[in-house]
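Report on one structure; see the data block that follows.
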Amino acid sequence: MTKLTTIFEYLKEKAPLELAESWDNSGLLIRGQEEVEGILLTMDVTDAVVEEAIEKKCQLIVSHHPVIFRPLKSLDSSSFIGKLMKHDITVISMHTNLDKTDGGVNDVLAKAIGLSDIEYFAEIGRMGQLEEPLPMKEFAENVAKVLDTTVKYTLPEKMIKKVALIGGAAGEYWTDAKEAGADVYLSGEASHHHALDAMGEDLAILVGGHWNTERPVLYALSNDIKDHVKNVVVMVSEQDQDPYSYYMN
């Protein structure tokens with residue numbers, strides 16, 4: 001077992017809370033047991049993930065999306081938050097601080113899709129180069145394979161070399177990507193009008209899904225925790241899932 005404070009101190013070193021946006025709610029959000037021998041990593045805290053933590057005897061859940069984001073107006077003991085408290089399970093959420101930090105969501109995504117010469121753009125995002133220019137259609141197919149998901153994209157014939165990206169919901173940053181000289185902007189979500197406006201500026205848009213563009217960080221974070229925190233078992237949730245199912249006609 002390891003003390004909760006030891007694990008929390010490492011996580012704050014990995015992704016300082018000072019990096020989080022003012023509207024965010026990152027940190028130690030539900031405090032339970034002070035001794036931890038099992039950690040479950042997840043994008044979202046759901047009832048299925050809480051049941052998994054109970055079954056696997058994990059005293060700590062580390063989530064990307066905050067377990068408490070909007071003010072709670074009531075609390076039912078049968079809800080997943082009620083179950084967390086009943087079973088004395090701690091939840092630490094690392095959201096925009098994990099997006100921004102070195103080795104966080106966007107660095108992991110950039111490396112996963114094969115970018116080199118990675119640099120910052122728009123404070124939170126990353127930008128890099130493909131080894132060889134590719135038609136947008138081929139680049140989109142490669143990203144879909146890496147993320148194991150369905151993607152949508154614009155400007156299929158455009159040649160792509162310089163890629164800007166932000167995982168999750170960040171479609172509005174396409175203007176920053178354009179200003180930074182990118183050929184394509186990859187994000188988890190972008191609106192119809194983001195796509196149209198970007199096309200008008202000859203910037204391709206690639207939408208890879210909110211959950212799919214962020215989840216790769218869990219495996220990197222798992223390895224980081226194993227390297228820096230001893231006497232704990234670290235697992236990536238098997239019940240954490242994209243809330244959407246996809247149908248292709």
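Ligands are numbered from 1 in the order shown, chains are lettered A, B, ... in the order of the structure tokens, and residues start at 1 in each chain.
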Using DSSP assignments from the backbone, pull out every residue in range 8-141 of chain A that falls under alpha helix (DSSP H) and give it to me as a ChimeraX atom specification.
/A:8-14,47-55,80-86,96-100,105-112,136-141
Just want the 9 Å neighbourhood of Gly125 in chain A, counted on only C-alpha atoms, with same-chain residues fewer than 6 positions away dropped. Output as an MDAnalysis selection string.
chainID A and resid 99:100 106:107 119 164:167 173 177
What lies within 12 Å of Leu186 in chain A using only C-alpha atoms, ignoring chain neighbours under 6 positions off, as a ChimeraX atom specification?
/A:106,109-110,113,125-128,136,139-140,143-144,151-154,160,162-174,177-178,194-195,198,203-210,212-214
If you count only C-alpha atoms, which residues fall within 12 Å of Thr5 in chain A, apart from same-chain ones fewer than 6 positions away, as an NGL selection string?
:A and (11-12 or 28 or 31-36 or 60 or 90 or 92 or 229)
In range 1-208 of chain A, what's strand (DSSP E) per DSSP? Answer as a PyMOL selection string?
chain A and resi 2-3+27-30+35-36+38-42+60-63+90-93+116-121+125-135+152-153+159-169+184-189+204-207
Please measure the separation of CA of Leu75 in chain A and CA of Glu37 in chain A, giving the value in Å to one decimal.
27.9 Å
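Nearest residue to Phe69 in chain A, choosing from A:Thr101, A:Thr42, A:Thr149, A:Asn25 and counting only C-alpha atoms: A:Asn25.
Between CA of Ala182 in chain A and CA of Leu17 in chain A there is a distance of 29.4 Å.
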Could you state the separation of CA of Ala112 in chain A and CA of Asp148 in chain A in Å, given to one decimal place?
11.8 Å
Neighbouring residues of Pro16 in chain A were defined as those with any atom within 12 Å, considering only C-alpha atoms; residues of the same chain fewer than 4 positions away were excluded. Please report them as a ChimeraX atom specification.
/A:8-12,20-21,26-27,93-102,104
Please produce an output containing N, CA, C and O atoms for each residue in the selection, written as a PDB file, in the first residue's frame.
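As written to disk, part_15.pdb reads:
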```pdb
ATOM      1  N   PHE A   8      -1.011  11.625  -4.725  1.00  0.00           N
ATOM      2  CA  PHE A   8      -1.529  12.927  -5.138  1.00  0.00           C
ATOM      3  C   PHE A   8      -0.387  13.906  -5.400  1.00  0.00           C
ATOM      4  O   PHE A   8      -0.428  14.683  -6.357  1.00  0.00           O
ATOM      5  N   GLU A   9       0.643  13.860  -4.572  1.00  0.00           N
ATOM      6  CA  GLU A   9       1.789  14.746  -4.782  1.00  0.00           C
ATOM      7  C   GLU A   9       2.469  14.446  -6.112  1.00  0.00           C
ATOM      8  O   GLU A   9       2.882  15.363  -6.831  1.00  0.00           O
ATOM      9  N   TYR A  10       2.578  13.157  -6.449  1.00  0.00           N
ATOM     10  CA  TYR A  10       3.186  12.833  -7.748  1.00  0.00           C
ATOM     11  C   TYR A  10       2.314  13.343  -8.893  1.00  0.00           C
ATOM     12  O   TYR A  10       2.827  13.914  -9.875  1.00  0.00           O
ATOM     13  N   LEU A  11       1.009  13.135  -8.802  1.00  0.00           N
ATOM     14  CA  LEU A  11       0.119  13.570  -9.877  1.00  0.00           C
ATOM     15  C   LEU A  11       0.168  15.085 -10.053  1.00  0.00           C
ATOM     16  O   LEU A  11       0.120  15.587 -11.181  1.00  0.00           O
ATOM     17  N   LYS A  12       0.292  15.818  -8.956  1.00  0.00           N
ATOM     18  CA  LYS A  12       0.413  17.285  -9.053  1.00  0.00           C
ATOM     19  C   LYS A  12       1.747  17.691  -9.657  1.00  0.00           C
ATOM     20  O   LYS A  12       1.857  18.737 -10.298  1.00  0.00           O
ATOM     21  N   ALA A  20      -4.513  24.241 -14.774  1.00  0.00           N
ATOM     22  CA  ALA A  20      -5.940  24.066 -15.085  1.00  0.00           C
ATOM     23  C   ALA A  20      -6.605  25.402 -15.377  1.00  0.00           C
ATOM     24  O   ALA A  20      -6.249  26.443 -14.804  1.00  0.00           O
ATOM     25  N   GLU A  21      -7.578  25.378 -16.286  1.00  0.00           N
ATOM     26  CA  GLU A  21      -8.353  26.574 -16.598  1.00  0.00           C
ATOM     27  C   GLU A  21      -9.188  26.995 -15.389  1.00  0.00           C
ATOM     28  O   GLU A  21      -9.551  26.162 -14.540  1.00  0.00           O
ATOM     29  N   SER A  26     -10.336  20.477 -11.389  1.00  0.00           N
ATOM     30  CA  SER A  26      -9.365  19.394 -11.258  1.00  0.00           C
ATOM     31  C   SER A  26      -8.852  19.325  -9.832  1.00  0.00           C
ATOM     32  O   SER A  26      -8.822  20.319  -9.122  1.00  0.00           O
ATOM     33  N   GLY A  27      -8.408  18.138  -9.444  1.00  0.00           N
ATOM     34  CA  GLY A  27      -7.834  17.967  -8.110  1.00  0.00           C
ATOM     35  C   GLY A  27      -8.423  16.770  -7.393  1.00  0.00           C
ATOM     36  O   GLY A  27      -9.024  15.877  -8.000  1.00  0.00           O
ATOM     37  N   SER A  93      -9.311  13.990 -10.150  1.00  0.00           N
ATOM     38  CA  SER A  93      -9.578  14.295 -11.562  1.00  0.00           C
ATOM     39  C   SER A  93      -8.502  15.243 -12.090  1.00  0.00           C
ATOM     40  O   SER A  93      -8.156  16.223 -11.431  1.00  0.00           O
ATOM     41  N   MET A  94      -7.973  14.908 -13.255  1.00  0.00           N
ATOM     42  CA  MET A  94      -6.916  15.696 -13.888  1.00  0.00           C
ATOM     43  C   MET A  94      -7.388  16.059 -15.293  1.00  0.00           C
ATOM     44  O   MET A  94      -7.285  15.255 -16.216  1.00  0.00           O
ATOM     45  N   HIS A  95      -7.883  17.270 -15.453  1.00  0.00           N
ATOM     46  CA  HIS A  95      -8.562  17.643 -16.694  1.00  0.00           C
ATOM     47  C   HIS A  95      -7.679  18.552 -17.542  1.00  0.00           C
ATOM     48  O   HIS A  95      -6.750  18.082 -18.205  1.00  0.00           O
ATOM     49  N   THR A  96      -7.937  19.851 -17.524  1.00  0.00           N
ATOM     50  CA  THR A  96      -7.169  20.740 -18.401  1.00  0.00           C
ATOM     51  C   THR A  96      -5.706  20.827 -18.004  1.00  0.00           C
ATOM     52  O   THR A  96      -4.859  21.160 -18.836  1.00  0.00           O
ATOM     53  N   ASN A  97      -5.396  20.531 -16.750  1.00  0.00           N
ATOM     54  CA  ASN A  97      -3.974  20.464 -16.378  1.00  0.00           C
ATOM     55  C   ASN A  97      -3.272  19.305 -17.078  1.00  0.00           C
ATOM     56  O   ASN A  97      -2.107  19.413 -17.478  1.00  0.00           O
ATOM     57  N   LEU A  98      -3.975  18.183 -17.280  1.00  0.00           N
ATOM     58  CA  LEU A  98      -3.391  17.046 -17.991  1.00  0.00           C
ATOM     59  C   LEU A  98      -3.385  17.286 -19.499  1.00  0.00           C
ATOM     60  O   LEU A  98      -2.553  16.736 -20.215  1.00  0.00           O
ATOM     61  N   ASP A  99      -4.314  18.111 -19.996  1.00  0.00           N
ATOM     62  CA  ASP A  99      -4.273  18.502 -21.409  1.00  0.00           C
ATOM     63  C   ASP A  99      -2.994  19.275 -21.713  1.00  0.00           C
ATOM     64  O   ASP A  99      -2.333  19.047 -22.724  1.00  0.00           O
ATOM     65  N   LYS A 100      -2.656  20.209 -20.825  1.00  0.00           N
ATOM     66  CA  LYS A 100      -1.585  21.163 -21.110  1.00  0.00           C
ATOM     67  C   LYS A 100      -0.189  20.651 -20.794  1.00  0.00           C
ATOM     68  O   LYS A 100       0.781  21.047 -21.435  1.00  0.00           O
ATOM     69  N   THR A 101      -0.057  19.810 -19.790  1.00  0.00           N
ATOM     70  CA  THR A 101       1.262  19.464 -19.273  1.00  0.00           C
ATOM     71  C   THR A 101       2.107  18.694 -20.278  1.00  0.00           C
ATOM     72  O   THR A 101       1.586  18.032 -21.185  1.00  0.00           O
ATOM     73  N   ASP A 102       3.426  18.780 -20.118  1.00  0.00           N
ATOM     74  CA  ASP A 102       4.332  17.986 -20.947  1.00  0.00           C
ATOM     75  C   ASP A 102       4.045  16.501 -20.720  1.00  0.00           C
ATOM     76  O   ASP A 102       3.958  16.043 -19.578  1.00  0.00           O
ATOM     77  N   GLY A 104       1.300  15.083 -21.538  1.00  0.00           N
ATOM     78  CA  GLY A 104      -0.120  14.937 -21.257  1.00  0.00           C
ATOM     79  C   GLY A 104      -0.927  14.552 -22.493  1.00  0.00           C
ATOM     80  O   GLY A 104      -0.386  14.000 -23.466  1.00  0.00           O
TER      81      GLY A 104
END
```
So, counting only C-alpha atoms, which residue among A:Ser191, A:Ser74, A:Thr2, A:Ser222 is closest to Ser237 in chain A?
A:Ser222
